[in-house]
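**Student:** Can you read through this structure? Questions will come right after.
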Amino acid sequence: MTDSQVNFGYAALSVQRPRLSWRAARRSVIVVVVLAALTAAVIVASVATGTYTLTLEEVLGGVLGTADEGTVLVVREWRLPRALLAALFGIALGMSGAIFQSLTRNPLGSPDVIGFASGSYTGALVVLLVTGGGYFAVATGALVGGIVTAFAVFALAYRRGVQGFRLIIVGIGVSAMLAAVNTYLMLRASTGEQLTAAVWGSGSLNGLTVATLAPAAAVFLALLIPAIALSPALRVLELGDDAAGSLGSRPDWVRLAAILIGVALVALVTASAGPIAFIALVAPQIARRLTRAAGVGVVAAGATGALLLVVSDFIGQRLFAPMQLPVGIVTVSVGGLYFVWLLVRETRRR
């Protein structure tokens, strides 16, 4: 990777190889590296602290399998999978938020605002309460629910094209209807099913182990590469369908691929941990301010989402220890603080 010799109006780093050509703003690369380092530090702190405190050497020994049996069990089976899942889910939510905010060209165009996350929740809830299915059945239900909701929202909002504001209004309406459906499903369930669904519906990483990490990581990796590869096409699409078409892009296919990938990323999280609010909404906007970029970057949003979710999970585990809060409650609090800060900032500007 070298400094670009072409003046793009900002400092850029580029890779020029016969089969690989890539360019990124230097500030964005530095921000992503710093966010990744902070996320790794929080993961280490999360693994090392708790009822059974570990030193940094013991954490490393637990990861490598050279420590005693108890330490290896605590690190490999209990704490590290949960911390890694928090980072992985944070990346997924941040990327999904960036994709939909880029599609709608609106900072409120997040999957948890326009109903896609609610659709995934409904699909997973139906499978959980009706069939009592396992991880893959719930994941399939979440994916189908999210996709059906996404296409319903786009179909209802379509009027000679899709405008971001109309899509958000329709999505909020559909989300409210799905919330009513979810309440109805909960009322028809038994007390035991209600308790299980209520805990899962609050968005919790409690109880996730290495058994969840392997399939979740496999699905995540399958979605990661197309999500990153789609980023340049999304930036072109932000110029409008006519301009994007004149530059060689195919707006309809790009939009379809973006919806499928974005919904699948949300469904991945919902199937494993339940609906986790606000990360997809705030991560892209925080990343945009950190990188000072004109648009929403998928990679920077994913790195920001990872840091937000691992920090939120760490707070949820340690704030009222030994009682553990669902991470969804913490992210809602963080999202509320973000909105208060945004409101104060906009008020001072005027």
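Identifiers in this document derive from the order of the structure tokens: chains are assigned A, B, ..., residues are numbered from 1 separately in each chain, and ligands are numbered from 1 in order of occurrence.
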Name all residues at most 12 Å from A:Gly201 (count only C-alpha atoms; drop same-chain ones fewer than 3 positions away) and give them as a ChimeraX atom specification.
**Tutor:** /A:117-118,120-122,124-125,128,179,182-183,186,193-198,204-205,269-277,326-329
**Student:** I need the residues in stretch 105-160 of chain A that are alpha helix (DSSP H) according to DSSP; give them as a VMD selection string.
**Tutor:** chain A and resid 116 to 126 135 to 157
**Student:** Could you check which of A:Val153, A:Met323, A:Leu187, A:Ala142 is closest to A:Val174, using only C-alpha atoms?
**Tutor:**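 Between A:Val153, A:Met323, A:Leu187, A:Ala142, the residue approaching A:Val174 most closely is A:Val153.
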**Student:** For A:Ile43, find every residue with an atom within 10 Å (counting only C-alpha atoms), except residues of its own chain fewer than 5 positions away, and show them as a PyMOL selection string.
**Tutor:** chain A and resi 37-38+48+79-80+82-84+86-87+307+310-311+313-314
**Student:** Can I get the selection written as a CSV table (one decimal), in the first residue's frame, with N, CA, C and O atoms?
**Tutor:**
```csv
chain,number,residue,atom,x,y,z
A,37,ALA,N,-8.1,-1.6,17.0
A,37,ALA,CA,-7.2,-1.7,18.1
A,37,ALA,C,-8.0,-1.6,19.4
A,37,ALA,O,-7.8,-2.3,20.4
A,38,LEU,N,-8.9,-0.6,19.5
A,38,LEU,CA,-9.7,-0.3,20.7
A,38,LEU,C,-10.7,-1.5,20.9
A,38,LEU,O,-10.9,-1.9,22.1
A,48,ALA,N,-10.6,-11.0,30.5
A,48,ALA,CA,-9.8,-11.0,31.7
A,48,ALA,C,-10.5,-10.7,32.9
A,48,ALA,O,-10.1,-11.2,34.0
A,79,ARG,N,-15.9,-17.0,27.8
A,79,ARG,CA,-15.8,-15.6,27.6
A,79,ARG,C,-15.4,-15.1,26.2
A,79,ARG,O,-15.9,-14.2,25.6
A,80,LEU,N,-14.4,-15.8,25.6
A,80,LEU,CA,-13.9,-15.4,24.3
A,80,LEU,C,-14.9,-15.5,23.2
A,80,LEU,O,-15.1,-14.6,22.4
A,82,ARG,N,-18.1,-15.2,23.4
A,82,ARG,CA,-19.1,-14.1,23.5
A,82,ARG,C,-18.5,-12.8,23.1
A,82,ARG,O,-19.2,-12.0,22.4
A,83,ALA,N,-17.3,-12.5,23.5
A,83,ALA,CA,-16.7,-11.3,23.1
A,83,ALA,C,-16.5,-11.2,21.6
A,83,ALA,O,-16.7,-10.1,20.9
A,84,LEU,N,-16.1,-12.3,20.9
A,84,LEU,CA,-15.9,-12.3,19.5
A,84,LEU,C,-17.3,-12.2,18.8
A,84,LEU,O,-17.4,-11.5,17.7
A,86,ALA,N,-19.8,-10.5,20.0
A,86,ALA,CA,-20.2,-9.1,20.1
A,86,ALA,C,-19.6,-8.3,19.0
A,86,ALA,O,-20.2,-7.4,18.4
A,87,ALA,N,-18.3,-8.5,18.8
A,87,ALA,CA,-17.6,-7.8,17.7
A,87,ALA,C,-18.1,-8.1,16.3
A,87,ALA,O,-18.4,-7.2,15.5
A,307,LEU,N,-16.9,-1.8,17.9
A,307,LEU,CA,-16.5,-1.1,19.1
A,307,LEU,C,-17.7,-0.8,20.0
A,307,LEU,O,-17.7,-1.1,21.2
A,310,VAL,N,-19.1,-4.2,21.6
A,310,VAL,CA,-18.3,-4.9,22.6
A,310,VAL,C,-18.2,-4.0,23.9
A,310,VAL,O,-18.2,-4.5,25.0
A,311,VAL,N,-18.2,-2.7,23.7
A,311,VAL,CA,-18.3,-1.8,24.9
A,311,VAL,C,-19.6,-1.9,25.6
A,311,VAL,O,-19.7,-2.0,26.8
A,313,ASP,N,-21.6,-4.5,25.6
A,313,ASP,CA,-21.7,-5.8,26.2
A,313,ASP,C,-20.9,-5.8,27.5
A,313,ASP,O,-21.2,-6.4,28.5
A,314,PHE,N,-19.7,-5.2,27.4
A,314,PHE,CA,-18.8,-5.1,28.6
A,314,PHE,C,-19.5,-4.4,29.7
A,314,PHE,O,-19.5,-4.8,30.9
```
**Student:** Applying 8 Å and only C-alpha atoms, which residues near A:Leu167 remain after dropping the ones on its own chain fewer than 5 positions away? List them as a list of chain:residue names.
**Tutor:**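 The residues satisfying every condition are A:Thr104, A:Ile114, A:Val153, A:Phe154, A:Ala157, A:Val162.
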**Student:** Let's have the selection written as a PDB file, in the first residue's frame, with N, CA and C atoms.
**Tutor:**
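Below is the file result-v1.pdb, written as the result:
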```
ATOM      1  N   THR A 104     -31.106   4.777   1.076  1.00  0.00           N
ATOM      2  CA  THR A 104     -32.174   5.768   1.284  1.00  0.00           C
ATOM      3  C   THR A 104     -31.654   7.199   1.250  1.00  0.00           C
ATOM      4  N   ILE A 114     -36.725   1.402   9.747  1.00  0.00           N
ATOM      5  CA  ILE A 114     -37.651   1.203   8.626  1.00  0.00           C
ATOM      6  C   ILE A 114     -38.237  -0.207   8.600  1.00  0.00           C
ATOM      7  N   VAL A 153     -41.958  -3.223   2.152  1.00  0.00           N
ATOM      8  CA  VAL A 153     -41.734  -1.785   2.378  1.00  0.00           C
ATOM      9  C   VAL A 153     -41.365  -1.085   1.072  1.00  0.00           C
ATOM     10  N   PHE A 154     -40.478  -1.694   0.293  1.00  0.00           N
ATOM     11  CA  PHE A 154     -40.081  -1.073  -0.976  1.00  0.00           C
ATOM     12  C   PHE A 154     -41.259  -1.024  -1.949  1.00  0.00           C
ATOM     13  N   ALA A 157     -43.605   1.724  -0.886  1.00  0.00           N
ATOM     14  CA  ALA A 157     -43.021   3.065  -1.018  1.00  0.00           C
ATOM     15  C   ALA A 157     -42.709   3.433  -2.462  1.00  0.00           C
ATOM     16  N   VAL A 162     -37.931   5.051  -5.736  1.00  0.00           N
ATOM     17  CA  VAL A 162     -38.028   5.018  -4.284  1.00  0.00           C
ATOM     18  C   VAL A 162     -37.313   6.228  -3.702  1.00  0.00           C
TER      19      VAL A 162
END
```
**Student:** Restricting the calculation to only C-alpha atoms: of A:Leu230, A:Ala283, A:Leu337, A:Leu129, which residue gets closest to A:Thr191?
**Tutor:**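 Between A:Leu230, A:Ala283, A:Leu337, A:Leu129, the residue approaching A:Thr191 most closely is A:Leu129.
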**Student:** Can you pull out every residue within 12 Å of A:Val33, counting only C-alpha atoms, but drop anything in the same chain fewer than 2 positions away, and send it as a ChimeraX atom specification?
**Tutor:** /A:26-31,35-40,291,299-300,302-304,307
**Student:** Separation of atom CA of A:Arg289 and atom CA of A:Ala233, in Å?
**Tutor:** 21.4 Å
**Student:** For A:Leu221, list every protein, DNA or RNA residue within 12 Å, evaluated using only C-alpha atoms, and leave out those in the same chain fewer than 5 positions away; present the list as a count of residues only.
**Tutor:** 15
**Student:** Find, counting only C-alpha atoms, the residue in A:Gly90, A:Gly335, A:Gly316, A:Gly70 that gets nearest to A:Ser46.
**Tutor:** A:Gly316
**Student:** From stretch 18-94 of chain A, collect each residue whose DSSP state is strand (DSSP E or B) and return the set as number ranges by chain.
**Tutor:** A: 20-25
